[in-house]
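Peer 1: File run_10.cif follows (mmCIF, C-alpha atoms):
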data_my_file
#
loop_
_atom_site.label_atom_id
_atom_site.label_comp_id
_atom_site.auth_asym_id
_atom_site.auth_seq_id
_atom_site.Cartn_x
_atom_site.Cartn_y
_atom_site.Cartn_z
CA MET A 1 98.64 118.99 75.41
CA ILE A 2 96.45 115.96 74.75
CA ASN A 3 93.13 115.99 72.94
CA LYS A 4 89.91 113.94 72.97
CA LYS A 5 91.30 111.45 70.45
CA ASP A 6 94.28 110.83 72.76
CA LEU A 7 91.92 110.13 75.65
CA ASN A 8 89.88 107.72 73.52
CA ASN A 9 93.07 105.94 72.48
CA LEU A 10 94.15 105.74 76.12
CA GLN A 11 90.89 104.08 77.10
CA GLY A 12 91.15 101.76 74.09
CA LEU A 13 94.66 100.79 75.18
CA MET A 14 93.38 99.88 78.65
CA PHE A 15 90.60 97.77 77.15
CA LEU A 16 93.19 96.05 74.94
CA TYR A 17 95.41 95.43 77.99
CA ALA A 18 92.48 93.91 79.91
CA LEU A 19 91.50 91.75 76.93
CA ALA A 20 95.03 90.39 76.72
CA LYS A 21 94.71 89.39 80.39
CA THR A 22 91.28 87.80 80.27
CA GLY A 23 90.65 86.81 76.66
CA ASN A 24 87.00 87.58 77.34
CA LYS A 25 85.10 90.74 76.40
CA THR A 26 82.33 90.06 78.94
CA ALA A 27 84.88 89.85 81.75
CA VAL A 28 86.38 93.18 80.61
CA SER A 29 82.98 94.85 80.41
CA ASN A 30 82.12 93.64 83.93
CA GLU A 31 85.46 94.84 85.30
CA PHE A 32 85.07 98.33 83.80
CA GLY A 33 81.32 98.57 84.35
CA VAL A 34 80.53 99.17 80.67
CA SER A 35 78.75 97.21 77.95
CA VAL A 36 80.47 94.80 75.58
CA ASP A 37 79.43 97.18 72.78
CA THR A 38 81.44 99.93 74.48
CA VAL A 39 84.49 97.67 74.68
CA ASN A 40 84.07 96.84 70.98
CA LYS A 41 83.75 100.54 70.06
CA TYR A 42 86.95 101.61 71.83
CA ILE A 43 88.91 98.68 70.42
CA ALA A 44 87.60 99.46 66.92
CA ASP A 45 88.58 103.12 67.31
CA LEU A 46 92.04 102.06 68.49
CA GLU A 47 92.39 99.79 65.45
CA THR A 48 91.46 102.72 63.23
CA SER A 49 94.15 104.86 64.86
CA ALA A 50 96.72 102.07 64.61
CA LYS A 51 95.65 101.22 61.03
CA THR A 52 95.79 97.49 61.82
CA LYS A 53 93.60 94.72 63.22
CA LEU A 54 94.50 94.23 66.88
CA ILE A 55 92.26 91.37 68.02
CA PHE A 56 90.42 88.35 66.69
CA SER A 57 87.76 86.15 68.27
CA ASN A 58 86.71 82.52 67.95
CA GLY A 59 84.78 79.99 70.01
CA ARG A 60 87.54 79.88 72.63
CA GLY A 61 87.69 83.61 73.33
CA THR A 62 89.29 86.84 72.15
CA PHE A 63 92.99 86.97 71.29
CA ILE A 64 95.58 89.62 70.47
CA ASN A 65 97.00 89.61 66.93
CA PRO A 66 100.80 89.39 66.58
CA GLU A 67 100.72 92.80 64.91
CA ALA A 68 99.56 94.31 68.20
CA LYS A 69 102.64 93.20 70.16
CA ASN A 70 104.27 96.65 70.35
CA ILE A 71 100.95 98.37 71.04
CA LEU A 72 100.21 95.91 73.83
CA LYS A 73 103.67 96.57 75.30
CA LEU A 74 102.84 100.28 75.35
CA ALA A 75 99.49 99.53 77.03
CA ALA A 76 101.28 97.46 79.69
CA GLU A 77 103.70 100.33 80.40
CA ILE A 78 100.81 102.76 80.81
CA ALA A 79 99.02 100.32 83.13
CA GLN A 80 102.20 99.91 85.18
CA ASN A 81 102.50 103.67 85.65
CA LEU A 82 98.84 103.91 86.64
CA HIS A 83 99.41 101.17 89.23
CA LEU A 84 102.44 103.08 90.50
CA PHE A 85 100.33 106.25 90.77
CA ASN A 86 97.61 104.36 92.68
CA THR A 87 100.24 102.99 95.06
CA TYR A 88 101.51 106.47 95.89
CA THR A 89 98.04 107.99 96.26
CA GLN A 90 97.73 106.02 99.49
CA ASP A 91 99.47 107.60 102.49
CA SER A 92 103.01 106.70 101.42
CA SER A 93 104.64 108.03 104.59
CA GLN A 94 102.72 105.83 107.01
CA CYS A 95 102.26 102.14 107.81
CA LYS A 96 98.71 102.16 106.53
CA GLY A 97 96.85 101.18 103.38
CA THR A 98 96.78 98.00 101.28
CA VAL A 99 99.65 95.62 100.64
CA ARG A 100 98.93 93.17 97.83
CA LEU A 101 100.64 89.79 98.10
CA CYS A 102 100.65 87.28 95.26
CA THR A 103 101.74 83.66 95.05
CA ASN A 104 101.36 80.62 92.87
CA GLY A 105 98.64 78.40 94.27
CA PHE A 106 100.74 75.34 94.89
CA ILE A 107 103.11 77.10 97.32
CA SER A 108 100.43 79.12 99.06
CA ASN A 109 100.23 76.79 102.07
CA TYR A 110 103.77 77.93 102.85
CA ILE A 111 102.47 81.38 103.73
CA THR A 112 99.17 80.48 105.40
CA SER A 113 100.67 80.83 108.86
CA ASN A 114 99.35 82.00 112.19
CA ALA A 115 102.20 84.50 112.07
CA PHE A 116 100.10 86.59 109.70
CA ARG A 117 97.58 87.09 112.49
CA GLU A 118 100.27 88.76 114.60
CA PHE A 119 101.22 91.06 111.71
CA THR A 120 97.63 92.32 111.47
CA GLN A 121 97.71 92.98 115.21
CA MET A 122 101.00 94.88 114.94
CA TYR A 123 99.82 96.96 111.97
CA PRO A 124 96.02 97.28 112.26
CA GLU A 125 95.88 99.96 109.55
CA ILE A 126 97.50 97.74 106.92
CA ASN A 127 95.13 95.63 104.85
CA LEU A 128 96.66 92.44 103.40
CA GLU A 129 95.25 91.36 100.05
CA LEU A 130 96.24 87.89 98.80
CA LYS A 131 96.02 86.98 95.11
CA MET A 132 96.43 83.35 94.03
CA GLN A 133 97.86 83.90 90.55
CA SER A 134 101.11 83.81 88.61
CA ALA A 135 103.36 85.91 90.80
CA THR A 136 106.21 87.15 88.61
CA ASN A 137 104.09 88.70 85.87
CA LYS A 138 101.86 90.44 88.39
CA ILE A 139 104.73 92.16 90.15
CA ASP A 140 106.40 93.17 86.86
CA LEU A 141 103.35 95.29 86.09
CA LEU A 142 102.88 96.51 89.68
CA GLU A 143 99.53 94.74 89.89
CA VAL A 144 100.81 93.44 93.23
CA ASP A 145 103.34 94.80 95.71
CA VAL A 146 104.99 91.63 97.02
CA ALA A 147 105.22 88.11 95.63
CA PHE A 148 106.32 84.61 96.54
CA ASP A 149 107.47 82.63 93.52
CA THR A 150 109.53 79.58 92.61
CA GLU A 151 111.18 81.45 89.74
CA LEU A 152 113.87 84.10 90.03
CA PRO A 153 112.93 87.50 88.60
CA GLN A 154 113.78 88.19 84.97
CA ASN A 155 112.70 91.84 85.01
CA LYS A 156 115.39 94.24 86.27
CA ASP A 157 112.72 96.22 88.13
CA VAL A 158 111.82 93.22 90.32
CA VAL A 159 114.03 92.85 93.41
CA LEU A 160 114.89 89.56 95.12
CA LEU A 161 114.56 90.14 98.88
CA ALA A 162 115.05 86.64 100.30
CA SER A 163 115.02 82.96 99.37
CA GLN A 164 114.37 79.79 101.29
CA ASN A 165 114.51 76.11 100.45
CA VAL A 166 111.20 74.62 101.60
CA LYS A 167 110.67 70.91 102.14
CA PHE A 168 107.44 69.07 101.41
CA GLY A 169 106.22 65.74 102.74
CA LEU A 170 103.17 63.53 103.18
CA PHE A 171 100.50 64.40 105.76
CA ALA A 172 97.21 62.96 107.00
CA SER A 173 94.76 63.72 109.80
CA PRO A 174 94.70 61.69 113.04
CA GLN A 175 91.16 60.66 112.10
CA TYR A 176 92.26 59.20 108.77
CA LEU A 177 95.16 57.34 110.38
CA ASP A 178 92.92 55.96 113.16
CA GLU A 179 90.47 54.63 110.58
CA ASN A 180 92.94 53.43 107.95
CA GLY A 181 96.24 52.91 109.73
CA HIS A 182 99.64 54.36 108.83
CA PRO A 183 100.98 53.35 105.41
CA LYS A 184 103.98 51.11 106.04
CA SER A 185 105.80 52.06 102.83
CA LEU A 186 105.34 53.85 99.54
CA GLU A 187 104.06 50.62 98.01
CA ASP A 188 101.48 50.31 100.79
CA LEU A 189 100.50 53.95 100.18
CA TYR A 190 100.14 53.30 96.44
CA GLN A 191 97.95 50.24 96.83
CA ASN A 192 95.88 50.72 99.96
CA HIS A 193 95.35 54.40 100.75
CA ARG A 194 93.30 57.30 99.47
CA PHE A 195 95.09 60.38 98.20
CA CYS A 196 94.16 64.08 97.90
CA VAL A 197 95.79 66.09 95.11
CA GLN A 198 96.29 69.78 94.41
CA ASN A 199 96.09 70.47 90.67
CA GLY A 200 98.16 72.91 88.63
CA GLN A 201 101.92 73.42 88.74
CA PHE A 202 102.24 71.18 91.77
CA LYS A 203 101.57 68.16 89.56
CA LYS A 204 104.55 69.04 87.35
CA ILE A 205 107.16 68.47 90.07
CA PRO A 206 109.03 65.23 89.19
CA GLU A 207 108.58 63.64 92.62
CA VAL A 208 104.85 64.39 92.52
CA VAL A 209 104.55 63.10 88.94
CA ASN A 210 106.09 59.78 89.97
CA LEU A 211 103.90 59.53 93.07
CA LEU A 212 100.67 60.19 91.18
CA LYS A 213 101.65 57.71 88.48
CA ASN A 214 101.59 54.95 91.09
CA ILE A 215 98.71 55.98 93.36
CA GLN A 216 95.73 53.68 92.83
CA ARG A 217 93.02 55.72 94.58
CA ILE A 218 92.79 59.48 94.22
CA SER A 219 89.81 60.46 96.37
CA PHE A 220 89.91 64.22 95.88
CA SER A 221 91.54 66.79 93.59
CA THR A 222 91.24 70.57 93.65
CA ASP A 223 92.80 73.83 92.45
CA SER A 224 92.41 75.34 95.92
CA VAL A 225 95.00 74.92 98.66
CA VAL A 226 92.29 75.76 101.22
CA ALA A 227 89.99 73.04 99.90
CA LEU A 228 92.89 70.58 99.89
CA ARG A 229 93.80 71.40 103.48
CA ASN A 230 90.18 71.08 104.60
CA ALA A 231 89.91 67.72 102.86
CA LEU A 232 93.05 66.46 104.60
CA ILE A 233 91.88 67.71 108.01
CA GLY A 234 88.49 66.11 107.31
CA GLY A 235 90.13 62.72 106.85
CA TRP A 236 89.49 62.32 103.14
CA GLY A 237 92.96 60.98 102.42
CA ILE A 238 96.72 61.58 102.46
CA GLY A 239 98.23 64.63 100.76
CA ILE A 240 101.34 66.77 100.28
CA CYS A 241 102.05 69.86 102.40
CA SER A 242 105.10 71.96 103.19
CA LEU A 243 106.85 71.02 106.42
CA GLY A 244 106.21 73.43 109.26
CA SER A 245 102.97 74.93 107.94
CA CYS A 246 100.42 72.29 108.92
CA GLY A 247 100.06 72.90 112.65
CA ASP A 248 98.50 70.36 114.99
CA ASN A 249 95.68 69.25 112.71
CA LEU A 250 97.79 67.00 110.48
CA VAL A 251 100.41 64.34 111.11
CA ARG A 252 103.51 63.94 108.96
CA LEU A 253 104.10 60.40 107.68
CA GLU A 254 107.80 60.32 108.48
CA ASN A 255 108.12 56.55 108.03
CA VAL A 256 107.23 56.79 104.32
CA ASP A 257 110.20 57.62 102.09
CA PHE A 258 108.83 60.67 100.29
CA GLU A 259 110.17 64.21 100.45
CA PHE A 260 111.19 66.96 98.06
CA SER A 261 112.14 70.61 98.30
CA ILE A 262 111.81 73.75 96.20
CA ASP A 263 113.30 77.22 96.46
CA ILE A 264 110.80 79.96 97.26
CA HIS A 265 111.73 83.58 96.54
CA LEU A 266 110.35 86.75 98.11
CA LEU A 267 110.07 89.51 95.50
CA ALA A 268 109.15 93.18 95.44
CA HIS A 269 109.22 95.98 92.86
CA GLN A 270 112.14 98.39 93.15
CA ASN A 271 109.88 101.43 92.69
CA THR A 272 107.70 100.64 95.71
CA GLN A 273 109.74 98.34 97.97
CA ASP A 274 110.72 101.16 100.36
CA LEU A 275 107.21 102.46 101.03
CA PRO A 276 106.77 102.03 104.81
CA ARG A 277 103.76 99.68 104.64
CA ILE A 278 105.48 97.46 102.07
CA ARG A 279 108.82 97.55 103.87
CA ALA A 280 107.12 96.59 107.16
CA PHE A 281 105.48 93.59 105.50
CA THR A 282 108.55 92.37 103.61
CA ASP A 283 110.74 92.73 106.71
CA TYR A 284 108.18 90.67 108.59
CA LEU A 285 108.18 88.00 105.87
CA LYS A 286 111.98 87.88 105.81
CA ASN A 287 111.96 87.27 109.56
CA ILE A 288 109.50 84.40 109.08
CA MET A 289 111.64 82.88 106.33
CA ALA A 290 114.81 83.20 108.42
CA ARG A 291 113.17 81.42 111.34
CA ASN A 292 111.61 78.78 109.06
CA TYR A 293 108.28 79.12 110.90
CA ALA A 294 109.93 77.91 114.11
CA ASP A 295 108.34 80.77 116.04
CA LEU A 296 106.76 84.14 115.46
CA PRO A 297 109.13 86.98 114.57
CA MET A 298 109.49 90.03 116.73
CA ALA A 299 107.85 93.27 115.67
CA VAL A 300 109.78 95.20 113.06
CA ALA A 301 110.17 98.94 113.22
CA CYS A 302 108.29 101.02 110.68
CA SER A 303 109.70 104.32 109.52
CA ALA A 304 109.67 106.45 106.43
CA GLU A 305 113.43 106.10 106.04
#
Could you show the structure in this file as structure tokens?

Peer 2:
Amino acid sequence: MINKKDLNNLQGLMFLYALAKTGNKTAVSNEFGVSVDTVNKYIADLETSAKTKLIFSNGRGTFINPEAKNILKLAAEIAQNLHLFNTYTQDSSQCKGTVRLCTNGFISNYITSNAFREFTQMYPEINLELKMQSATNKIDLLEVDVAFDTELPQNKDVVLLASQNVKFGLFASPQYLDENGHPKSLEDLYQNHRFCVQNGQFKKIPEVVNLLKNIQRISFSTDSVVALRNALIGGWGIGICSLGSCGDNLVRLENVDFEFSIDIHLLAHQNTQDLPRIRAFTDYLKNIMARNYADLPMAVACSAE
């Protein structure tokens, strides 16, 4: 039997978990629909129960004290079980409900395919929700159902479903090439052409680091793959995209000696991977990966088995 103090501690643990994610009390208060004073009260009560200081704040935000490591681990486990409960409260025997997909931003153009449109036609009662955040951590805690990531899972509860080596190259719009000509070489690209850059982890890839070190004119940079793609289609400059995901709007600069590849992994959580709506989506994604976006995969059967 639990009592009122247990319930207060449970709510305090969830506030602590959210604070560890955001580092911002205002963001937590907005997410939970309570005041910052309420967040402070529950955290203070939790500190009283734990007999230790759990958080500290400065001009950069709110942070978790090292002493709170084990308590935060407990909070994460509770949150994971709540996410699991929420997953099963949807109709778990049918191909309906929400499937949450997560990916790192810099590989997201790999999955922005017209094939997704066909999936929504095949399964009109499944709602796809895409999160552009660190994939592995999200799926560990069941904050998402499916993830694309460049890292292999470290958590035994996360299952590797498929992998594919994806190549990247240089692309530009026909409009840009008509107005500026095709770069004749990397040196010509460095000296005489405008370049569009996606920020974040993409800029840590060695081939990209070397390219950006030599580019003389960066005309546009963004954290958003959608904004980058729109800039390229709009003729703002030359940029990097995965091969096979750009469609007819962009032209690959095959004469310029620049290409690299990364391994992309499809992940799911072992506790939810066999739910029909999640299985239907991951089977569909595995078909896309196997065909390397050459064509649209056939419909996959959905059953509760």

Peer 1: Specify as a ChimeraX atom specification each residue included when the PyMOL selection byres ((chain A and resi 270) around 12) is applied to this file.

Peer 2: /A:84,139-142,145-146,153,155-161,267-269,271-275,278-279

Peer 1: Create the file for the chosen residues now, containing C-alpha atoms and written as a PDB file, in the frame of the given file.

Peer 2:
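out_32.pdb, written as the output of this step:
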ATOM      1  CA  LEU A  84     102.440 103.080  90.500  1.00  0.00           C
ATOM      2  CA  ILE A 139     104.730  92.160  90.150  1.00  0.00           C
ATOM      3  CA  ASP A 140     106.400  93.170  86.860  1.00  0.00           C
ATOM      4  CA  LEU A 141     103.350  95.290  86.090  1.00  0.00           C
ATOM      5  CA  LEU A 142     102.880  96.510  89.680  1.00  0.00           C
ATOM      6  CA  ASP A 145     103.340  94.800  95.710  1.00  0.00           C
ATOM      7  CA  VAL A 146     104.990  91.630  97.020  1.00  0.00           C
ATOM      8  CA  PRO A 153     112.930  87.500  88.600  1.00  0.00           C
ATOM      9  CA  ASN A 155     112.700  91.840  85.010  1.00  0.00           C
ATOM     10  CA  LYS A 156     115.390  94.240  86.270  1.00  0.00           C
ATOM     11  CA  ASP A 157     112.720  96.220  88.130  1.00  0.00           C
ATOM     12  CA  VAL A 158     111.820  93.220  90.320  1.00  0.00           C
ATOM     13  CA  VAL A 159     114.030  92.850  93.410  1.00  0.00           C
ATOM     14  CA  LEU A 160     114.890  89.560  95.120  1.00  0.00           C
ATOM     15  CA  LEU A 161     114.560  90.140  98.880  1.00  0.00           C
ATOM     16  CA  LEU A 267     110.070  89.510  95.500  1.00  0.00           C
ATOM     17  CA  ALA A 268     109.150  93.180  95.440  1.00  0.00           C
ATOM     18  CA  HIS A 269     109.220  95.980  92.860  1.00  0.00           C
ATOM     19  CA  ASN A 271     109.880 101.430  92.690  1.00  0.00           C
ATOM     20  CA  THR A 272     107.700 100.640  95.710  1.00  0.00           C
ATOM     21  CA  GLN A 273     109.740  98.340  97.970  1.00  0.00           C
ATOM     22  CA  ASP A 274     110.720 101.160 100.360  1.00  0.00           C
ATOM     23  CA  LEU A 275     107.210 102.460 101.030  1.00  0.00           C
ATOM     24  CA  ILE A 278     105.480  97.460 102.070  1.00  0.00           C
ATOM     25  CA  ARG A 279     108.820  97.550 103.870  1.00  0.00           C
TER      26      ARG A 279
END

Peer 1: With all atoms listed in the file as the atoms that count, which of A:Asn180, A:Phe171, A:Asn58, A:Phe85 lies nearest to Ala231 in chain A?

Peer 2: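 Smallest separation from Ala231 in chain A among the options: A:Phe171.
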
Peer 1: Which neighbours of Asn210 in chain A fall inside 12 Å, counting all atoms listed in the file, when residues of the same chain fewer than 4 positions from it are skipped, and could you give them as number ranges by chain?

Peer 2: A: 186, 190, 203-206, 214-215, 258, 260

Peer 1: Given the choices A:Asn104, A:Asn255, A:Ser173, A:Asn65, which gets closest to Gln201 in chain A if the distance is worked out from all atoms listed in the file?

Peer 2: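 Under the stated criterion, the closest residue is A:Asn104.
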
Peer 1: Using the chain letters and numbers from this file, what does the PyMOL selection byres ((chain A and resi 172) around 7) select? Give the answer as number ranges by chain.

Peer 2: A: 171, 173-174, 176-177, 232, 237-239, 250-252

Peer 1: On this file, the PyMOL selection byres ((chain A and resi 191) around 12) gives some set of residues; write that set as a PyMOL selection string.

Peer 2: chain A and resi 183-190+192-195+211-218

Peer 1: Which value, in Å to one decimal, gives the distance between CA of Glu31 in chain A and CA of Cys95 in chain A?

Peer 2: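 CA of Glu31 in chain A sits 29.0 Å away from CA of Cys95 in chain A.
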
Peer 1: Nearest residue to Ser163 in chain A out of A:Lys286, A:Asn8, A:Glu77, A:Lys21, using all atoms listed in the file?

Peer 2: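 Between A:Lys286, A:Asn8, A:Glu77, A:Lys21, the residue approaching Ser163 in chain A most closely is A:Lys286.
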